[in-house]
$ cat entry26.cif   # mmCIF, C-alpha atoms
data_my_file
#
loop_
_atom_site.group_PDB
_atom_site.id
_atom_site.type_symbol
_atom_site.label_atom_id
_atom_site.label_comp_id
_atom_site.auth_asym_id
_atom_site.auth_seq_id
_atom_site.Cartn_x
_atom_site.Cartn_y
_atom_site.Cartn_z
ATOM 1 C CA MET A 262 -161.001 92.201 -119.120
ATOM 2 C CA ASN A 263 -157.487 92.833 -117.682
ATOM 3 C CA PHE A 264 -155.248 89.891 -116.733
ATOM 4 C CA LYS A 265 -152.259 90.370 -114.337
ATOM 5 C CA SER A 266 -148.999 88.922 -115.673
ATOM 6 C CA HIS A 267 -147.475 86.095 -113.643
ATOM 7 C CA PHE A 268 -143.996 87.161 -114.737
ATOM 8 C CA LYS A 269 -144.153 90.597 -113.350
ATOM 9 C CA PHE A 270 -142.123 90.889 -110.166
ATOM 10 C CA SER A 271 -141.447 93.608 -107.788
ATOM 11 C CA LYS A 272 -137.989 95.023 -107.315
ATOM 12 C CA GLN A 273 -137.560 93.152 -104.055
ATOM 13 C CA GLN A 274 -138.608 89.858 -105.664
ATOM 14 C CA ARG A 275 -136.227 90.380 -108.542
ATOM 15 C CA SER A 276 -133.332 90.933 -106.076
ATOM 16 C CA GLY A 277 -134.212 87.705 -104.231
ATOM 17 C CA ILE A 278 -134.361 85.705 -107.481
ATOM 18 C CA PHE A 279 -130.992 87.139 -108.568
ATOM 19 C CA LEU A 280 -129.396 86.260 -105.219
ATOM 20 C CA LEU A 281 -130.773 82.719 -105.462
ATOM 21 C CA LEU A 282 -129.236 82.301 -108.921
ATOM 22 C CA ILE A 283 -125.840 83.451 -107.649
ATOM 23 C CA ILE A 284 -126.001 80.920 -104.795
ATOM 24 C CA ILE A 285 -126.919 78.117 -107.219
ATOM 25 C CA LEU A 286 -124.021 79.069 -109.499
ATOM 26 C CA LEU A 287 -121.571 79.149 -106.561
ATOM 27 C CA ILE A 288 -122.734 75.691 -105.419
ATOM 28 C CA GLN A 289 -122.374 74.319 -108.913
ATOM 29 C CA GLY A 290 -118.920 75.871 -109.290
ATOM 30 C CA PHE A 291 -117.764 74.428 -105.946
ATOM 31 C CA TYR A 292 -119.141 71.010 -106.842
ATOM 32 C CA HIS A 293 -117.583 70.849 -110.303
ATOM 33 C CA LEU A 294 -114.377 72.819 -109.818
ATOM 34 C CA VAL A 295 -113.202 72.979 -106.188
ATOM 35 C CA LEU A 296 -114.417 69.670 -104.766
ATOM 36 C CA PRO A 297 -112.597 67.480 -107.348
ATOM 37 C CA LYS A 298 -109.297 69.220 -106.561
ATOM 38 C CA LEU A 299 -109.766 68.698 -102.841
ATOM 39 C CA MET A 300 -110.488 65.031 -103.390
ATOM 40 C CA GLN A 301 -107.404 64.731 -105.614
ATOM 41 C CA THR A 302 -105.252 66.379 -102.902
ATOM 42 C CA ASN A 303 -106.607 63.988 -100.267
ATOM 43 C CA HIS A 304 -105.899 61.097 -102.597
ATOM 44 C CA ASP A 305 -102.328 62.230 -103.235
ATOM 45 C CA PHE A 306 -101.698 62.713 -99.513
ATOM 46 C CA SER A 307 -103.030 59.229 -98.831
ATOM 47 C CA SER A 308 -100.926 57.706 -101.595
ATOM 48 C CA ASN A 309 -97.756 59.392 -100.275
ATOM 49 C CA SER A 310 -98.431 58.723 -96.609
ATOM 50 C CA HIS A 311 -95.342 56.486 -96.272
ATOM 51 C CA GLU A 312 -93.116 59.304 -97.583
ATOM 52 C CA VAL A 313 -94.691 61.741 -95.171
ATOM 53 C CA SER A 314 -94.178 59.277 -92.342
ATOM 54 C CA ALA A 315 -90.515 58.850 -93.271
ATOM 55 C CA PHE A 316 -90.082 62.613 -93.376
ATOM 56 C CA ILE A 317 -91.667 62.975 -89.930
ATOM 57 C CA ASN A 318 -89.404 60.259 -88.556
ATOM 58 C CA GLN A 319 -86.384 62.055 -89.958
ATOM 59 C CA ILE A 320 -87.446 65.276 -88.286
ATOM 60 C CA ASP A 321 -87.904 63.425 -84.984
ATOM 61 C CA SER A 322 -84.405 61.954 -85.321
ATOM 62 C CA LEU A 323 -82.895 65.369 -85.928
ATOM 63 C CA LYS A 324 -84.732 66.699 -82.875
ATOM 64 C CA ALA A 325 -83.374 63.828 -80.767
ATOM 65 C CA ILE A 326 -79.827 64.504 -81.993
ATOM 66 C CA GLU A 327 -80.164 68.186 -81.195
ATOM 67 C CA ILE A 328 -81.442 67.413 -77.707
ATOM 68 C CA GLU A 329 -78.539 65.000 -77.176
ATOM 69 C CA ASN A 330 -76.027 67.590 -78.361
ATOM 70 C CA ARG A 331 -77.382 70.111 -75.900
ATOM 71 C CA LYS A 332 -76.638 67.795 -73.001
ATOM 72 C CA PRO A 333 -73.324 68.559 -71.244
ATOM 73 C CA LYS A 334 -70.576 66.267 -72.581
ATOM 74 C CA ILE A 335 -68.680 64.039 -70.162
ATOM 75 C CA TYR A 336 -64.943 63.659 -70.674
ATOM 76 C CA PRO A 337 -62.702 61.070 -68.948
ATOM 77 C CA PHE A 338 -61.876 62.167 -65.407
ATOM 78 C CA ASN A 339 -60.308 60.935 -62.187
ATOM 79 C CA PRO A 340 -63.160 60.302 -59.708
ATOM 80 C CA ASN A 341 -60.875 61.304 -56.846
ATOM 81 C CA PHE A 342 -61.179 64.941 -57.935
ATOM 82 C CA ILE A 343 -64.963 65.267 -58.267
ATOM 83 C CA THR A 344 -66.135 68.674 -57.027
ATOM 84 C CA ASP A 345 -69.614 69.658 -55.843
ATOM 85 C CA TYR A 346 -70.493 71.021 -59.283
ATOM 86 C CA LYS A 347 -68.999 68.047 -61.101
ATOM 87 C CA GLY A 348 -70.882 65.604 -58.907
ATOM 88 C CA TYR A 349 -74.139 67.506 -59.400
ATOM 89 C CA SER A 350 -73.711 67.511 -63.187
ATOM 90 C CA LEU A 351 -73.096 63.756 -63.080
ATOM 91 C CA GLY A 352 -76.362 63.207 -61.231
ATOM 92 C CA MET A 353 -74.965 62.500 -57.768
ATOM 93 C CA SER A 354 -76.896 63.562 -54.706
ATOM 94 C CA ASN A 355 -75.472 65.902 -52.078
ATOM 95 C CA GLU A 356 -75.054 62.989 -49.646
ATOM 96 C CA GLU A 357 -73.106 60.945 -52.201
ATOM 97 C CA ILE A 358 -70.829 63.896 -52.987
ATOM 98 C CA ASP A 359 -70.240 64.572 -49.281
ATOM 99 C CA ARG A 360 -69.262 60.929 -48.686
ATOM 100 C CA LEU A 361 -66.660 61.175 -51.412
ATOM 101 C CA LEU A 362 -65.269 64.495 -50.194
ATOM 102 C CA ASN A 363 -65.042 63.255 -46.598
ATOM 103 C CA PHE A 364 -63.218 60.141 -47.781
ATOM 104 C CA ARG A 365 -60.685 62.257 -49.671
ATOM 105 C CA LYS A 366 -60.152 64.553 -46.676
ATOM 106 C CA GLN A 367 -58.648 61.538 -44.908
ATOM 107 C CA ASP A 368 -55.925 61.513 -47.595
ATOM 108 C CA LYS A 369 -57.347 58.296 -49.025
ATOM 109 C CA TRP A 370 -57.657 57.457 -52.700
ATOM 110 C CA ILE A 371 -60.251 55.613 -54.735
ATOM 111 C CA ASN A 372 -58.559 53.133 -57.046
ATOM 112 C CA SER A 373 -61.444 51.157 -58.559
ATOM 113 C CA VAL A 374 -65.060 51.449 -59.695
ATOM 114 C CA SER A 375 -66.252 49.132 -56.956
ATOM 115 C CA GLN A 376 -64.471 51.190 -54.303
ATOM 116 C CA PHE A 377 -66.131 54.345 -55.672
ATOM 117 C CA GLN A 378 -69.572 52.790 -55.176
ATOM 118 C CA GLN A 379 -68.603 51.480 -51.764
ATOM 119 C CA VAL A 380 -67.569 54.958 -50.612
ATOM 120 C CA THR A 381 -70.302 57.067 -52.257
ATOM 121 C CA LYS A 382 -73.106 54.457 -52.225
ATOM 122 C CA VAL A 383 -74.345 55.557 -55.651
ATOM 123 C CA SER A 384 -76.963 53.407 -57.370
ATOM 124 C CA ASP A 385 -76.043 50.714 -59.851
ATOM 125 C CA SER A 386 -77.762 52.609 -62.663
ATOM 126 C CA LEU A 387 -75.826 55.823 -62.027
ATOM 127 C CA LEU A 388 -72.580 53.894 -61.622
ATOM 128 C CA ALA A 389 -73.127 52.166 -64.956
ATOM 129 C CA LYS A 390 -73.702 55.577 -66.542
ATOM 130 C CA ILE A 391 -70.622 57.400 -65.249
ATOM 131 C CA SER A 392 -68.049 54.671 -64.545
ATOM 132 C CA PRO A 393 -67.039 54.289 -68.232
ATOM 133 C CA TYR A 394 -65.595 57.808 -67.956
ATOM 134 C CA PHE A 395 -63.427 57.044 -64.910
ATOM 135 C CA LYS A 396 -59.733 57.471 -65.613
ATOM 136 C CA PHE A 397 -57.382 56.224 -62.925
ATOM 137 C CA PRO A 398 -53.578 56.821 -63.014
ATOM 138 C CA ASP A 399 -51.450 54.395 -65.011
ATOM 139 C CA TRP A 400 -49.795 53.046 -61.883
ATOM 140 C CA VAL A 401 -53.268 51.933 -60.759
ATOM 141 C CA THR A 402 -54.608 50.560 -64.048
ATOM 142 C CA ASN A 403 -51.288 49.132 -65.289
ATOM 143 C CA PRO A 404 -49.137 48.336 -62.265
ATOM 144 C CA LYS A 405 -45.600 47.324 -63.100
ATOM 145 C CA PRO A 406 -44.857 43.661 -62.458
ATOM 146 C CA LYS A 407 -42.664 42.953 -59.519
ATOM 147 C CA GLN A 408 -39.039 42.739 -60.451
ATOM 148 C CA GLN A 409 -37.848 39.223 -60.916
ATOM 149 C CA THR A 410 -35.695 38.047 -58.066
ATOM 150 C CA PHE A 411 -32.881 35.620 -58.351
ATOM 151 C CA ASP A 412 -30.897 33.778 -55.750
ATOM 152 C CA LYS A 413 -30.300 35.169 -52.311
ATOM 153 C CA PRO A 414 -28.615 38.616 -52.546
ATOM 154 C CA PHE A 415 -25.045 39.069 -51.390
ATOM 155 C CA SER A 416 -24.775 39.721 -47.681
ATOM 156 C CA ASN A 417 -23.072 42.773 -46.238
ATOM 157 C CA THR A 418 -20.350 40.623 -44.683
ATOM 158 C CA PRO A 419 -16.947 41.682 -46.136
ATOM 159 C CA LYS A 420 -15.540 39.102 -48.547
ATOM 160 C CA THR A 421 -11.989 38.027 -49.045
ATOM 161 C CA GLU A 422 -10.409 38.211 -52.482
ATOM 162 C CA ALA A 423 -10.820 34.451 -52.795
ATOM 163 C CA GLN A 424 -14.553 34.708 -52.063
ATOM 164 C CA LYS A 425 -15.156 37.483 -54.585
ATOM 165 C CA LEU A 426 -16.258 36.663 -58.109
ATOM 166 C CA ASP A 427 -14.425 37.876 -61.217
ATOM 167 C CA LEU A 428 -16.187 40.946 -62.599
ATOM 168 C CA ASN A 429 -15.049 40.081 -66.125
ATOM 169 C CA SER A 430 -16.906 36.762 -66.077
ATOM 170 C CA ALA A 431 -19.893 37.642 -63.894
ATOM 171 C CA THR A 432 -23.337 36.839 -65.263
ATOM 172 C CA ALA A 433 -26.351 39.187 -65.209
ATOM 173 C CA ALA A 434 -27.945 37.098 -62.458
ATOM 174 C CA GLN A 435 -24.824 37.378 -60.293
ATOM 175 C CA LEU A 436 -24.580 41.129 -60.842
ATOM 176 C CA GLN A 437 -28.210 41.590 -59.815
ATOM 177 C CA LYS A 438 -27.422 40.167 -56.397
ATOM 178 C CA VAL A 439 -25.593 43.403 -55.661
ATOM 179 C CA TYR A 440 -27.744 45.978 -53.896
ATOM 180 C CA GLY A 441 -28.674 48.728 -56.351
ATOM 181 C CA ILE A 442 -28.316 46.694 -59.542
ATOM 182 C CA GLY A 443 -31.382 45.569 -61.463
ATOM 183 C CA PRO A 444 -31.751 43.907 -64.870
ATOM 184 C CA SER A 445 -31.081 47.124 -66.822
ATOM 185 C CA TYR A 446 -27.896 48.014 -64.922
ATOM 186 C CA ALA A 447 -26.619 44.444 -65.190
ATOM 187 C CA GLU A 448 -27.196 44.550 -68.949
ATOM 188 C CA ARG A 449 -25.355 47.885 -69.247
ATOM 189 C CA ILE A 450 -22.347 46.578 -67.294
ATOM 190 C CA ILE A 451 -22.050 43.480 -69.459
ATOM 191 C CA LYS A 452 -22.532 45.489 -72.669
ATOM 192 C CA TYR A 453 -19.793 47.961 -71.694
ATOM 193 C CA ARG A 454 -17.498 45.148 -70.559
ATOM 194 C CA ARG A 455 -17.895 43.540 -73.976
ATOM 195 C CA LYS A 456 -17.226 46.880 -75.709
ATOM 196 C CA ILE A 457 -13.863 47.435 -73.967
ATOM 197 C CA ASN A 458 -12.881 43.735 -74.038
ATOM 198 C CA GLY A 459 -13.051 43.419 -70.263
ATOM 199 C CA PHE A 460 -12.455 45.722 -67.307
ATOM 200 C CA HIS A 461 -8.938 46.721 -66.299
ATOM 201 C CA SER A 462 -9.987 48.734 -63.255
ATOM 202 C CA PHE A 463 -13.117 49.433 -61.236
ATOM 203 C CA ILE A 464 -12.717 53.091 -62.181
ATOM 204 C CA GLU A 465 -14.032 52.171 -65.636
ATOM 205 C CA LEU A 466 -17.440 51.438 -64.109
ATOM 206 C CA GLN A 467 -17.903 55.213 -64.013
ATOM 207 C CA GLU A 468 -18.519 55.000 -67.759
ATOM 208 C CA VAL A 469 -21.604 52.815 -67.232
ATOM 209 C CA TYR A 470 -24.540 55.199 -67.341
ATOM 210 C CA GLY A 471 -26.495 55.471 -64.089
ATOM 211 C CA LEU A 472 -24.069 53.757 -61.713
ATOM 212 C CA THR A 473 -23.556 55.843 -58.590
ATOM 213 C CA PRO A 474 -20.381 55.762 -56.467
ATOM 214 C CA GLU A 475 -22.327 53.822 -53.813
ATOM 215 C CA VAL A 476 -23.344 51.109 -56.272
ATOM 216 C CA ILE A 477 -19.792 50.901 -57.655
ATOM 217 C CA GLN A 478 -18.540 50.412 -54.099
ATOM 218 C CA ASN A 479 -21.089 47.610 -53.612
ATOM 219 C CA ILE A 480 -19.705 45.949 -56.736
ATOM 220 C CA LYS A 481 -16.143 46.240 -55.419
ATOM 221 C CA ASP A 482 -17.248 44.642 -52.145
ATOM 222 C CA ASN A 483 -18.486 41.547 -53.974
ATOM 223 C CA PHE A 484 -16.328 41.299 -57.093
ATOM 224 C CA SER A 485 -12.709 41.640 -58.067
ATOM 225 C CA ILE A 486 -11.006 41.981 -61.437
ATOM 226 C CA LYS A 487 -9.071 38.734 -61.562
ATOM 227 C CA THR A 488 -8.544 38.738 -65.325
ATOM 228 C CA PRO A 489 -7.937 42.397 -66.254
ATOM 229 C CA ARG A 490 -7.516 43.236 -69.911
ATOM 230 C CA SER A 491 -3.994 44.066 -71.004
ATOM 231 C CA ILE A 492 -3.127 47.746 -71.518
ATOM 232 C CA THR A 493 0.076 49.019 -73.132
ATOM 233 C CA LYS A 494 1.039 52.138 -71.208
ATOM 234 C CA ILE A 495 2.370 55.143 -73.092
ATOM 235 C CA PRO A 496 5.275 57.158 -71.555
ATOM 236 C CA LEU A 497 3.829 60.610 -70.952
ATOM 237 C CA ASN A 498 7.145 62.496 -71.194
ATOM 238 C CA TYR A 499 8.133 60.941 -74.523
ATOM 239 C CA ALA A 500 4.808 60.304 -76.243
ATOM 240 C CA THR A 501 4.124 61.793 -79.645
ATOM 241 C CA LYS A 502 0.886 63.464 -80.555
ATOM 242 C CA GLU A 503 -0.132 60.398 -82.591
ATOM 243 C CA GLN A 504 0.405 58.160 -79.563
ATOM 244 C CA LEU A 505 -1.529 60.419 -77.194
ATOM 245 C CA VAL A 506 -4.626 60.589 -79.381
ATOM 246 C CA THR A 507 -4.952 56.800 -79.201
ATOM 247 C CA ILE A 508 -5.942 57.238 -75.549
ATOM 248 C CA LYS A 509 -9.651 57.556 -74.900
ATOM 249 C CA PHE A 510 -10.836 61.118 -74.108
ATOM 250 C CA ILE A 511 -7.681 62.751 -75.622
ATOM 251 C CA ASP A 512 -8.138 64.458 -78.987
ATOM 252 C CA TYR A 513 -5.563 66.270 -81.137
ATOM 253 C CA GLU A 514 -6.125 69.617 -79.447
ATOM 254 C CA VAL A 515 -5.619 68.193 -75.959
ATOM 255 C CA ALA A 516 -2.596 66.189 -77.177
ATOM 256 C CA HIS A 517 -1.073 69.406 -78.564
ATOM 257 C CA ASN A 518 -1.676 71.186 -75.237
ATOM 258 C CA ILE A 519 -0.091 68.274 -73.328
ATOM 259 C CA ILE A 520 3.092 68.414 -75.425
ATOM 260 C CA GLU A 521 3.230 72.190 -75.132
ATOM 261 C CA ALA A 522 2.868 72.037 -71.321
ATOM 262 C CA ARG A 523 5.427 69.225 -71.159
ATOM 263 C CA THR A 524 7.942 71.393 -72.998
ATOM 264 C CA LEU A 525 7.348 74.378 -70.700
ATOM 265 C CA ARG A 526 7.660 72.196 -67.602
ATOM 266 C CA GLU A 527 10.626 70.296 -68.989
ATOM 267 C CA GLY A 528 8.667 67.135 -68.390
ATOM 268 C CA PHE A 529 5.847 66.130 -66.055
ATOM 269 C CA LYS A 530 6.782 65.095 -62.527
ATOM 270 C CA SER A 531 3.471 63.260 -61.945
ATOM 271 C CA LEU A 532 0.437 62.224 -63.911
ATOM 272 C CA ASP A 533 -1.728 64.485 -61.751
ATOM 273 C CA GLU A 534 -0.038 67.526 -63.312
ATOM 274 C CA LEU A 535 -2.168 66.857 -66.386
ATOM 275 C CA THR A 536 -5.008 68.641 -64.617
ATOM 276 C CA LYS A 537 -3.099 71.906 -65.257
ATOM 277 C CA VAL A 538 -3.135 71.354 -69.019
ATOM 278 C CA LYS A 539 -5.499 73.579 -70.991
ATOM 279 C CA ASP A 540 -8.827 71.883 -71.911
ATOM 280 C CA PHE A 541 -7.774 68.609 -70.289
ATOM 281 C CA PRO A 542 -10.815 66.409 -69.339
ATOM 282 C CA VAL A 543 -10.122 66.462 -65.610
ATOM 283 C CA LYS A 544 -13.113 64.249 -64.742
ATOM 284 C CA LYS A 545 -11.649 61.465 -66.897
ATOM 285 C CA LEU A 546 -8.142 61.688 -65.415
ATOM 286 C CA GLU A 547 -8.308 58.410 -63.490
ATOM 287 C CA ILE A 548 -9.365 56.493 -66.605
ATOM 288 C CA ILE A 549 -6.736 58.245 -68.754
ATOM 289 C CA LYS A 550 -4.034 57.412 -66.201
ATOM 290 C CA LEU A 551 -4.644 53.724 -66.866
ATOM 291 C CA SER A 552 -2.976 54.177 -70.263
ATOM 292 C CA LEU A 553 -0.076 56.409 -69.168
ATOM 293 C CA GLN A 554 3.206 56.173 -67.284
ATOM 294 C CA LEU A 555 5.847 58.803 -66.555
ATOM 295 C CA ASP A 556 8.901 57.019 -67.989
#
$ encode --input "entry26.cif" --output "structure tokens"
Amino acid sequence: MNFKSHFKFSKQQRSGIFLLLIIILLIQGFYHLVLPKLMQTNHDFSSNSHEVSAFINQIDSLKAIEIENRKPKIYPFNPNFITDYKGYSLGMSNEEIDRLLNFRKQDKWINSVSQFQQVTKVSDSLLAKISPYFKFPDWVTNPKPKQQTFDKPFSNTPKTEAQKLDLNSATAAQLQKVYGIGPSYAERIIKYRRKINGFHSFIELQEVYGLTPEVIQNIKDNFSIKTPRSITKIPLNYATKEQLVTIKFIDYEVAHNIIEARTLREGFKSLDELTKVKDFPVKKLEIIKLSLQLD
């Protein structure tokens, strides 16, 4: 009696069984080897979530900085010179730019933030954004204080010698009453007067820096030199070189030229002949003459 074996399979059945075993092994391998690693990775990611979040925030910050850097930078500017392009880049509308340009065409100037808004009619938000960059001229932002005034200025009515004040005792306040003299000029006059121990002649005012002939004439109209300083005059035709160099504006070279010219001329006939001397400071002649005499 023949019995058929239960363990005898066809080729097709054997292939199916083999494929099933491979699938079971793959599932077991995934379950024991791959799945634990995936779970560990998920666990690590969860445990380090705050670090990842910080990293993401840092990236976002860098992106924001980069976006900000790409924006056109605004430098301080005078709003009176805004062009069409400049106004557009600032966010102004065409109407607001036109209002500004039309205002400037009238040869008018904007001198404050409030006046800028009044002329252009920009919104408060835009004004707050761009006004910190406004740069007005110094004479607008830091106007000079009005010059301090003293008593009533001298009138143009000619004064007698008795009415005139002594220039050698005049105060800064009295000098500033003269038209053309402010605090700085008054200080210079007094400083120079102190340096030379008092004026001897009005011609010496030429040595005060900045005084014009017109201002010097105004001083002469209101002051006189009632207490002139004493000057010992040197005889030009007999003076030695050592005596000549004691006079202001005459150095040894000029003194030598004076004596040489005096010898050739057999003496000077007038003080004005000094202008013919080589290298003589002609512009200072009138001051030099105060210290000279012919005989």
$ residues_around --input "entry26.cif" --residues "stretch 424-427 of chain A" --least-positions-apart "2" --cutoff "7 Å" --atoms "only C-alpha atoms" --output "PyMOL selection string"
chain A and resi 420-422+429-431+483-487
$ residues_near_point --input "entry26.cif" --point "(-8.6, 65.2, -64.6)" --cutoff "9 Å" --atoms "all atoms listed in the file" --output "tab-separated table (two decimals) with C-alpha atoms, keeping the file's coordinate frame"
chain	number	residue	atom	x	y	z
A	533	ASP	CA	-1.73	64.48	-61.75
A	534	GLU	CA	-0.04	67.53	-63.31
A	535	LEU	CA	-2.17	66.86	-66.39
A	536	THR	CA	-5.01	68.64	-64.62
A	537	LYS	CA	-3.10	71.91	-65.26
A	541	PHE	CA	-7.77	68.61	-70.29
A	542	PRO	CA	-10.82	66.41	-69.34
A	543	VAL	CA	-10.12	66.46	-65.61
A	544	LYS	CA	-13.11	64.25	-64.74
A	545	LYS	CA	-11.65	61.46	-66.90
A	546	LEU	CA	-8.14	61.69	-65.42
A	547	GLU	CA	-8.31	58.41	-63.49
A	548	ILE	CA	-9.36	56.49	-66.60
A	549	ILE	CA	-6.74	58.24	-68.75
$ atom_distance --input "entry26.cif" --atom1 "atom CA of A:Gln378" --atom2 "atom CA of A:Asp345"
16.9 Å
$ resolve_selection --input "entry26.cif" --expression "the PyMOL selection byres ((chain A and resi 441) around 9)" --output "VMD selection string"
chain A and resid 437 to 440 442 to 443 446 472 475 to 476 479
$ atom_distance --input "entry26.cif" --atom1 "atom CA of A:Tyr394" --atom2 "atom CA of A:Val374"
10.4 Å
$ atom_distance --input "entry26.cif" --atom1 "atom CA of A:Thr381" --atom2 "atom CA of A:Asp359"
8.1 Å
$ closest_residue --input "entry26.cif" --among "A:Arg365, A:Lys272, A:Arg449, A:Arg455" --to "A:Gln467" --atoms "all atoms listed in the file"
A:Arg449
$ closest_residue --input "entry26.cif" --among "A:Phe463, A:Val538, A:Gly528, A:Ser322" --to "A:Ala516" --atoms "all atoms listed in the file"
A:Val538
